[in-house]
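Data file: start35.tsv. Format and content: TSV, C-alpha atoms.
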chain	number	residue	atom	x	y	z
A	1	MET	CA	13.24	-8.64	8.42
A	2	ASN	CA	14.30	-7.95	4.84
A	3	GLU	CA	12.54	-10.83	3.14
A	4	GLY	CA	10.11	-10.02	0.33
A	5	VAL	CA	7.24	-12.43	-0.25
A	6	GLN	CA	4.31	-12.83	-2.54
A	7	ALA	CA	0.94	-12.27	-0.93
A	8	GLY	CA	-1.04	-15.18	0.43
A	9	GLY	CA	-1.06	-17.38	3.49
A	10	VAL	CA	-0.21	-14.49	5.82
A	11	PRO	CA	-1.25	-14.96	9.47
A	12	ALA	CA	-3.77	-12.40	10.68
A	13	GLU	CA	-2.71	-12.04	14.29
A	14	THR	CA	0.21	-9.65	13.81
A	15	GLY	CA	-0.53	-5.95	14.29
A	16	GLY	CA	-0.30	-3.27	11.61
A	17	VAL	CA	-2.28	-0.13	10.91
A	18	PRO	CA	-4.87	0.62	13.59
A	19	ALA	CA	-8.17	-1.09	12.94
A	20	ALA	CA	-11.34	0.91	12.47
A	21	THR	CA	-14.60	-0.20	14.05
A	22	GLY	CA	-16.21	-2.86	11.87
A	23	GLY	CA	-13.19	-3.00	9.55
A	24	PRO	CA	-12.58	-1.22	6.25
A	25	VAL	CA	-15.17	-1.68	3.52
A	26	GLY	CA	-14.53	-1.36	-0.20
A	27	ASP	CA	-18.15	-0.55	-1.24
A	28	GLY	CA	-17.97	-2.73	-4.32
A	29	ARG	CA	-14.71	-1.26	-5.59
A	30	HIS	CA	-11.60	-3.34	-6.34
A	31	ALA	CA	-7.89	-2.48	-6.38
A	32	ARG	CA	-4.84	-4.69	-6.90
A	33	VAL	CA	-2.13	-3.54	-4.47
A	34	VAL	CA	1.54	-4.25	-3.78
A	35	LEU	CA	2.94	-3.64	-0.28
A	36	VAL	CA	6.53	-2.34	-0.08
A	37	ASP	CA	8.01	-2.10	3.41
A	38	ASP	CA	11.18	-3.55	4.91
A	39	HIS	CA	9.42	-4.70	8.10
A	40	ARG	CA	7.74	-8.07	7.63
A	41	MET	CA	5.56	-7.67	10.73
A	42	PHE	CA	4.17	-4.40	9.43
A	43	ARG	CA	3.42	-5.89	6.01
A	44	THR	CA	1.67	-8.78	7.74
A	45	GLY	CA	-0.44	-6.39	9.80
A	46	VAL	CA	-1.47	-4.34	6.77
A	47	GLN	CA	-2.29	-7.53	4.86
A	48	ALA	CA	-4.46	-8.75	7.74
A	49	GLU	CA	-6.24	-5.40	8.09
A	50	ILE	CA	-6.98	-4.46	4.47
A	51	GLY	CA	-6.24	-7.57	2.40
A	52	VAL	CA	-9.52	-9.45	2.94
A	53	THR	CA	-10.70	-8.75	-0.59
A	54	GLU	CA	-14.35	-9.74	-0.18
A	55	ARG	CA	-14.67	-7.18	2.64
A	56	THR	CA	-12.37	-4.34	1.59
A	57	GLY	CA	-12.10	-4.68	-2.19
A	58	VAL	CA	-8.30	-4.60	-1.84
A	59	GLU	CA	-6.39	-7.53	-3.33
A	60	VAL	CA	-2.76	-7.71	-2.19
A	61	VAL	CA	-0.96	-9.23	-5.18
A	62	GLY	CA	2.61	-8.95	-3.93
A	63	GLU	CA	5.01	-7.73	-1.28
A	64	ALA	CA	8.60	-6.51	-1.23
A	65	ALA	CA	11.17	-5.51	1.39
A	66	ASP	CA	13.76	-3.54	-0.59
A	67	VAL	CA	14.17	-1.56	-3.79
A	68	ASP	CA	15.17	-4.42	-6.10
A	69	GLN	CA	12.37	-6.67	-4.86
A	70	ALA	CA	9.87	-3.82	-5.19
A	71	VAL	CA	10.75	-3.09	-8.80
A	72	ALA	CA	10.63	-6.80	-9.68
A	73	VAL	CA	7.24	-7.42	-8.02
A	74	ILE	CA	5.68	-4.23	-9.38
A	75	THR	CA	6.90	-5.05	-12.89
A	76	ALA	CA	5.57	-8.62	-12.66
A	77	THR	CA	2.16	-7.81	-11.20
A	78	ARG	CA	1.39	-4.31	-12.58
A	79	PRO	CA	-0.88	-3.34	-9.66
A	80	GLU	CA	-3.18	-0.34	-9.67
A	81	VAL	CA	-1.66	1.01	-6.44
A	82	VAL	CA	1.63	0.51	-4.59
A	83	LEU	CA	1.82	1.23	-0.85
A	84	LEU	CA	5.41	2.44	-0.59
A	85	ASP	CA	7.55	3.01	2.48
A	86	VAL	CA	9.94	5.95	2.18
A	87	HIS	CA	12.96	4.34	3.81
A	88	LEU	CA	14.00	1.08	2.14
A	89	PRO	CA	17.26	-0.82	1.69
A	90	GLY	CA	18.73	-0.16	-1.73
A	91	GLY	CA	18.00	3.55	-2.14
A	92	GLY	CA	14.63	4.25	-0.55
A	93	GLY	CA	11.18	4.88	-1.94
A	94	VAL	CA	12.45	7.61	-4.26
A	95	GLU	CA	14.64	5.05	-6.06
A	96	VAL	CA	11.62	2.75	-6.53
A	97	LEU	CA	9.71	5.66	-8.05
A	98	ARG	CA	12.61	6.53	-10.35
A	99	ARG	CA	12.91	2.99	-11.65
A	100	CYS	CA	9.14	2.59	-12.05
A	101	ALA	CA	8.62	5.93	-13.80
A	102	PRO	CA	7.62	4.37	-17.17
A	103	MET	CA	4.85	2.41	-15.48
A	104	MET	CA	3.56	5.54	-13.73
A	105	THR	CA	3.24	7.39	-17.03
A	106	ALA	CA	1.83	4.50	-19.08
A	107	PRO	CA	-1.13	5.68	-21.22
A	108	GLU	CA	-3.18	2.66	-20.14
A	109	ASN	CA	-3.41	1.15	-16.65
A	110	PRO	CA	-0.76	3.33	-14.96
A	111	VAL	CA	0.70	2.17	-11.66
A	112	ARG	CA	0.05	4.74	-8.94
A	113	PHE	CA	2.00	5.09	-5.71
A	114	LEU	CA	0.81	6.01	-2.21
A	115	ALA	CA	3.57	6.56	0.36
A	116	LEU	CA	2.86	4.91	3.72
A	117	SER	CA	5.55	5.80	6.23
A	118	VAL	CA	6.30	6.36	9.90
A	119	SER	CA	8.06	9.59	8.89
A	120	ASP	CA	6.19	12.88	8.75
A	121	ALA	CA	9.27	14.93	7.85
A	122	ALA	CA	8.80	17.58	5.18
A	123	GLU	CA	11.79	16.46	3.11
A	124	ASP	CA	10.51	12.87	2.97
A	125	VAL	CA	7.04	13.98	1.90
A	126	ILE	CA	8.35	16.36	-0.74
A	127	GLY	CA	10.92	13.86	-2.02
A	128	VAL	CA	8.43	11.13	-2.90
A	129	ILE	CA	5.85	13.57	-4.27
A	130	ARG	CA	8.48	15.05	-6.56
A	131	GLY	CA	9.32	11.46	-7.50
A	132	GLY	CA	5.77	10.86	-8.70
A	133	ALA	CA	3.80	9.48	-5.74
A	134	ARG	CA	0.13	10.49	-5.69
A	135	GLY	CA	-0.08	10.85	-1.93
A	136	TYR	CA	1.52	10.38	1.45
A	137	VAL	CA	-0.07	9.02	4.63
A	138	THR	CA	1.50	8.07	7.93
A	139	LYS	CA	1.32	4.68	9.63
A	140	THR	CA	-1.08	6.00	12.26
A	141	ILE	CA	-3.85	5.87	9.64
A	142	THR	CA	-6.83	3.60	10.33
A	143	GLY	CA	-7.60	0.62	8.14
A	144	SER	CA	-10.76	2.22	6.74
A	145	ASP	CA	-8.97	5.45	5.89
A	146	LEU	CA	-6.15	3.52	4.24
A	147	VAL	CA	-8.62	1.58	2.08
A	148	ASN	CA	-10.32	4.84	1.07
A	149	SER	CA	-6.94	6.42	0.31
A	150	ILE	CA	-6.02	3.48	-1.93
A	151	PHE	CA	-9.20	3.87	-3.98
A	152	ARG	CA	-8.79	7.63	-4.22
A	153	VAL	CA	-5.24	7.26	-5.52
A	154	GLN	CA	-6.42	4.56	-7.92
A	155	GLU	CA	-8.91	7.08	-9.30
A	156	GLY	CA	-6.18	9.71	-9.74
A	157	ASP	CA	-6.75	11.85	-6.66
A	158	ALA	CA	-3.94	13.18	-4.47
A	159	VAL	CA	-4.18	12.04	-0.84
A	160	PHE	CA	-2.34	13.31	2.23
A	161	SER	CA	-2.53	12.98	5.97
A	162	PRO	CA	-3.89	16.36	7.18
A	163	ARG	CA	-0.72	18.18	8.29
A	164	LEU	CA	1.38	16.89	5.39
A	165	ALA	CA	-0.52	18.68	2.64
A	166	GLY	CA	0.94	22.00	3.80
A	167	PHE	CA	4.49	20.74	3.20
A	168	VAL	CA	3.67	20.02	-0.42
A	169	LEU	CA	1.86	23.31	-1.00
A	170	ASP	CA	4.75	25.27	0.52
A	171	ALA	CA	7.34	23.36	-1.49
A	172	PHE	CA	5.66	23.78	-4.86
A	173	ALA	CA	4.71	27.40	-4.18
A	174	SER	CA	8.37	28.26	-3.72
A	175	THR	CA	10.51	28.96	-6.77
A	176	ASP	CA	13.75	28.64	-4.84
A	177	ALA	CA	15.46	25.29	-4.47
A	178	PRO	CA	15.92	24.28	-0.81
A	179	PRO	CA	19.45	24.81	0.49
A	180	VAL	CA	21.71	21.78	0.81
A	181	ASP	CA	22.50	20.88	4.42
A	182	GLU	CA	25.84	19.07	4.23
A	183	ASP	CA	25.63	17.98	7.88
A	184	LEU	CA	22.22	16.40	7.39
A	185	ASP	CA	23.35	14.75	4.17
A	186	ARG	CA	25.96	12.80	6.15
A	187	LEU	CA	23.18	10.86	7.89
A	188	THR	CA	21.43	7.82	6.50
A	189	GLN	CA	17.63	7.80	6.23
A	190	ARG	CA	17.35	5.60	9.33
A	191	GLU	CA	19.68	7.88	11.29
A	192	ARG	CA	17.48	10.85	10.34
A	193	GLU	CA	14.41	9.01	11.65
A	194	VAL	CA	16.13	8.29	14.96
A	195	LEU	CA	17.40	11.87	15.15
A	196	ARG	CA	13.90	13.32	14.82
A	197	LEU	CA	12.42	11.00	17.41
A	198	ILE	CA	15.24	11.70	19.88
A	199	ALA	CA	14.74	15.42	19.33
A	200	ARG	CA	11.02	15.01	20.05
A	201	GLY	CA	11.83	13.51	23.43
A	202	TYR	CA	11.17	9.83	22.73
A	203	ALA	CA	12.95	7.27	24.93
A	204	TYR	CA	15.09	4.60	23.28
A	205	LYS	CA	12.47	1.92	23.97
A	206	GLU	CA	9.75	4.04	22.38
A	207	ILE	CA	11.90	4.64	19.29
A	208	ALA	CA	12.66	0.93	19.01
A	209	LYS	CA	8.97	0.08	19.13
A	210	GLN	CA	7.97	2.73	16.60
A	211	LEU	CA	10.70	1.83	14.09
A	212	PHE	CA	10.49	-1.95	14.64
A	213	ILE	CA	14.16	-2.19	15.65
A	214	SER	CA	15.98	-3.18	18.84
A	215	VAL	CA	17.02	-0.79	21.60
A	216	LYS	CA	20.64	-1.72	20.89
A	217	THR	CA	20.18	-0.69	17.26
A	218	VAL	CA	18.71	2.63	18.38
A	219	GLU	CA	21.74	3.20	20.60
A	220	SER	CA	24.05	2.45	17.66
A	221	HIS	CA	22.21	4.92	15.43
A	222	VAL	CA	22.33	7.64	18.11
A	223	SER	CA	26.09	7.10	18.54
A	224	ALA	CA	26.58	7.36	14.78
A	225	VAL	CA	24.52	10.56	14.59
A	226	LEU	CA	26.44	12.19	17.45
A	227	ARG	CA	29.76	11.23	15.85
A	228	LYS	CA	28.85	12.46	12.36
A	229	LEU	CA	27.44	15.76	13.66
A	230	GLN	CA	30.25	16.19	16.21
A	231	LEU	CA	27.80	16.53	19.09
A	232	SER	CA	28.25	15.30	22.67
A	233	ASN	CA	24.79	14.30	23.92
A	234	ARG	CA	21.08	14.14	23.10
A	235	HIS	CA	20.47	17.65	24.45
A	236	GLU	CA	22.87	19.13	21.91
A	237	LEU	CA	21.30	16.90	19.28
A	238	THR	CA	17.85	18.25	20.14
A	239	ARG	CA	19.04	21.86	19.83
A	240	TRP	CA	20.70	21.03	16.50
A	241	ALA	CA	17.52	19.45	15.11
A	242	THR	CA	15.28	22.24	16.43
A	243	ALA	CA	17.47	24.92	14.84
A	244	ARG	CA	16.96	23.17	11.47
A	245	ARG	CA	13.21	22.74	12.02
A	246	LEU	CA	13.44	18.97	11.82
A	247	VAL	CA	11.07	18.35	14.75
Show how you would write the structure in this file as structure tokens.
Amino acid sequence: MNEGVQAGGVPAETGGVPAATGGPVGDGRHARVVLVDDHRMFRTGVQAEIGVTERTGVEVVGEAADVDQAVAVITATRPEVVLLDVHLPGGGGVEVLRRCAPMMTAPENPVRFLALSVSDAAEDVIGVIRGGARGYVTKTITGSDLVNSIFRVQEGDAVFSPRLAGFVLDAFASTDAPPVDEDLDRLTQREREVLRLIARGYAYKEIAKQLFISVKTVESHVSAVLRKLQLSNRHELTRWATARRLV
């Protein structure tokens, strides 16, 4: 599912963000948007939900599935807003932000970024905000709220899902750099996602559905996490994650 495509001709039947009653409405506003997410089905769902320009005011001008594709499409299309997943092949959303920094700070027509991710972990939120994103919303957002968030970011506002704003306030209120957790740093971004969901009590099938991966892939990630952290089972893993306030 790592193919990046230009917008257009996308079937509308695949699910994405939850639909709001009557569908999102742009109220006469217009925003050119690029979707960056490594799951094609999710991109298709978002496109179907918010990309009907005459109804929402959102024009999806490009899509990408990894860091290199994202930078290329953003550079070519210069959208007003980029919907950016945090965890991407090639270095993640933070790497996209780093490589697009000149476009974010352009004196005219700056490109603004809104993180759209399944993760609600504090370190993910803080990482992309420090990287220059104007907001962070989770994939449980409704279509109407997502459209409104896009226009708010386009206008220069900061937008967050309710509980995530506190992470940012706490992080920027603190003058001390967060301690480095060498054990956590051994894990990939995807392994961290699986770790948090396991620690929250999700079954393998539920994790697979939420992360758009197979149950076998979930099992492989859990085995890798247990090996890297030198833990024996998911109960020890849950205690480990809870002690570090990752759940």
Contacts of range 112-219 of chain A with range 90-99 of chain A up to 12 Å, shortest pair per row, only C-alpha atoms, as a Markdown table:
| residue | atom | partner | partner_atom | distance |
| --- | --- | --- | --- | --- |
| A:Arg112 | CA | A:Leu97 | CA | 9.7 |
| A:Phe113 | CA | A:Leu97 | CA | 8.1 |
| A:Leu114 | CA | A:Gly93 | CA | 10.4 |
| A:Ala115 | CA | A:Gly93 | CA | 8.1 |
| A:Leu116 | CA | A:Gly93 | CA | 10.1 |
| A:Ser117 | CA | A:Gly93 | CA | 10.0 |
| A:Glu123 | CA | A:Val94 | CA | 11.5 |
| A:Asp124 | CA | A:Val94 | CA | 9.1 |
| A:Val125 | CA | A:Val94 | CA | 10.4 |
| A:Ile126 | CA | A:Val94 | CA | 10.3 |
| A:Gly127 | CA | A:Val94 | CA | 6.8 |
| A:Val128 | CA | A:Val94 | CA | 5.5 |
| A:Ile129 | CA | A:Val94 | CA | 8.9 |
| A:Arg130 | CA | A:Val94 | CA | 8.7 |
| A:Gly131 | CA | A:Leu97 | CA | 5.8 |
| A:Gly132 | CA | A:Leu97 | CA | 6.6 |
| A:Ala133 | CA | A:Leu97 | CA | 7.4 |
| A:Arg134 | CA | A:Leu97 | CA | 11.0 |
| A:Tyr136 | CA | A:Gly93 | CA | 11.6 |
| A:Thr188 | CA | A:Gly91 | CA | 10.2 |
| A:Gln189 | CA | A:Gly92 | CA | 8.2 |
| A:Arg190 | CA | A:Gly92 | CA | 10.3 |
Just write the chosen residues, C-alpha atoms, as an mmCIF file, in the coordinates of the input.
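Result went into out10.cif, see below:
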data_model
loop_
_atom_site.group_PDB
_atom_site.id
_atom_site.type_symbol
_atom_site.label_atom_id
_atom_site.label_comp_id
_atom_site.auth_asym_id
_atom_site.auth_seq_id
_atom_site.Cartn_x
_atom_site.Cartn_y
_atom_site.Cartn_z
ATOM 1 C CA ARG A 112 0.050 4.740 -8.940
ATOM 2 C CA PHE A 113 2.000 5.090 -5.710
ATOM 3 C CA LEU A 114 0.810 6.010 -2.210
ATOM 4 C CA ALA A 115 3.570 6.560 0.360
ATOM 5 C CA LEU A 116 2.860 4.910 3.720
ATOM 6 C CA SER A 117 5.550 5.800 6.230
ATOM 7 C CA GLU A 123 11.790 16.460 3.110
ATOM 8 C CA ASP A 124 10.510 12.870 2.970
ATOM 9 C CA VAL A 125 7.040 13.980 1.900
ATOM 10 C CA ILE A 126 8.350 16.360 -0.740
ATOM 11 C CA GLY A 127 10.920 13.860 -2.020
ATOM 12 C CA VAL A 128 8.430 11.130 -2.900
ATOM 13 C CA ILE A 129 5.850 13.570 -4.270
ATOM 14 C CA ARG A 130 8.480 15.050 -6.560
ATOM 15 C CA GLY A 131 9.320 11.460 -7.500
ATOM 16 C CA GLY A 132 5.770 10.860 -8.700
ATOM 17 C CA ALA A 133 3.800 9.480 -5.740
ATOM 18 C CA ARG A 134 0.130 10.490 -5.690
ATOM 19 C CA TYR A 136 1.520 10.380 1.450
ATOM 20 C CA THR A 188 21.430 7.820 6.500
ATOM 21 C CA GLN A 189 17.630 7.800 6.230
ATOM 22 C CA ARG A 190 17.350 5.600 9.330
#
Coordinates of box centre and edge lengths for range 123-130 of chain A, 4 Å on every side, axis-aligned, as AutoDock Vina command-line options:
--center_x 8.8 --center_y 13.8 --center_z -1.7 --size_x 13.9 --size_y 13.3 --size_z 17.7
Exercise for the section: May I have the residues within 10 Å of Arg192 in chain A as a list in words, using only C-alpha atoms and disregarding those fewer than 5 positions away in the same chain? Expected result: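 These residues fall inside the cut-off: Ser119, Ala121, Leu184, Asp185, Arg186, Leu187, Leu197, Ile198, His221, Val222, Val225, Ala241 and Leu246 of chain A.
As for CA of His30 in chain A and CA of Thr53 in chain A, they are spaced 7.9 Å apart.
Comparing the minimum interatomic distances between Glu191 in chain A and each of A:Ser223, A:Arg163, A:Asp157, A:Glu206, counting all atoms listed in the file, we find that A:Ser223 sits nearest.
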Near range 56-74 of chain A, 10 Å: range 100-121 of chain A residue rows, closest pairs, only C-alpha atoms, as a Markdown table:
| residue | atom | partner | partner_atom | distance |
| --- | --- | --- | --- | --- |
| A:Cys100 | CA | A:Val71 | CA | 6.7 |
| A:Met103 | CA | A:Ile74 | CA | 9.1 |
| A:Val111 | CA | A:Ile74 | CA | 8.4 |
Exercise for the section: Counting all atoms listed in the file, note down every residue that has an atom within 8 Å of the point (-0.4, 1.7, -8.2) (file coordinates), as a list in words. Expected result: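 These residues have at least one counted atom within 8 Å: Arg32, Val33, Val34, Arg78, Pro79, Glu80, Val81, Val82, Leu83, Met104, Pro110, Val111, Arg112, Phe113, Leu114, Val153 and Gln154 of chain A.
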Handout entry: Residue list as a PyMOL selection string for point (27.4, 7.2, 21.8), cut-off 12 Å, all atoms listed in the file
Key = chain A and resi 216-234+237
Go ahead and write the selection's residues with C-alpha atoms as a tab-separated table (two decimals), keeping the file's coordinate frame.
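Output contents, as saved in part_20.tsv:
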chain	number	residue	atom	x	y	z
A	216	LYS	CA	20.64	-1.72	20.89
A	217	THR	CA	20.18	-0.69	17.26
A	218	VAL	CA	18.71	2.63	18.38
A	219	GLU	CA	21.74	3.20	20.60
A	220	SER	CA	24.05	2.45	17.66
A	221	HIS	CA	22.21	4.92	15.43
A	222	VAL	CA	22.33	7.64	18.11
A	223	SER	CA	26.09	7.10	18.54
A	224	ALA	CA	26.58	7.36	14.78
A	225	VAL	CA	24.52	10.56	14.59
A	226	LEU	CA	26.44	12.19	17.45
A	227	ARG	CA	29.76	11.23	15.85
A	228	LYS	CA	28.85	12.46	12.36
A	229	LEU	CA	27.44	15.76	13.66
A	230	GLN	CA	30.25	16.19	16.21
A	231	LEU	CA	27.80	16.53	19.09
A	232	SER	CA	28.25	15.30	22.67
A	233	ASN	CA	24.79	14.30	23.92
A	234	ARG	CA	21.08	14.14	23.10
A	237	LEU	CA	21.30	16.90	19.28
Exercise for the section: Name the closest residue to Pro89 in chain A among the candidates A:Asn148, A:Ile50, A:Ala122, A:His39; distances are taken between atoms, counting all atoms listed in the file. Expected result: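 Ranking A:Asn148, A:Ile50, A:Ala122, A:His39 by distance to Pro89 in chain A, first place goes to A:His39.
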Practice task
Determine the nearest neighbour of Arg55 in chain A from the options A:Ala199, A:Val147, A:Ala208, A:Val159, counting only C-alpha atoms.
Solution key: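 Residue with the minimum atom-to-atom distance to Arg55 in chain A: A:Val147.
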Practice task
Would you work out the distance separating CA of Ile213 in chain A from CA of Val194 in chain A, expressed in Å to one decimal?
Solution key: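 Atom-to-atom, CA of Ile213 in chain A to CA of Val194 in chain A, that is 10.7 Å.
Between CA of Tyr204 in chain A and CA of Thr242 in chain A lies a distance of 18.9 Å.
Distance check against Glu236 in chain A using only C-alpha atoms: of A:Leu195, A:Val46, A:Ala76, A:Ala101, the minimum falls on A:Leu195.
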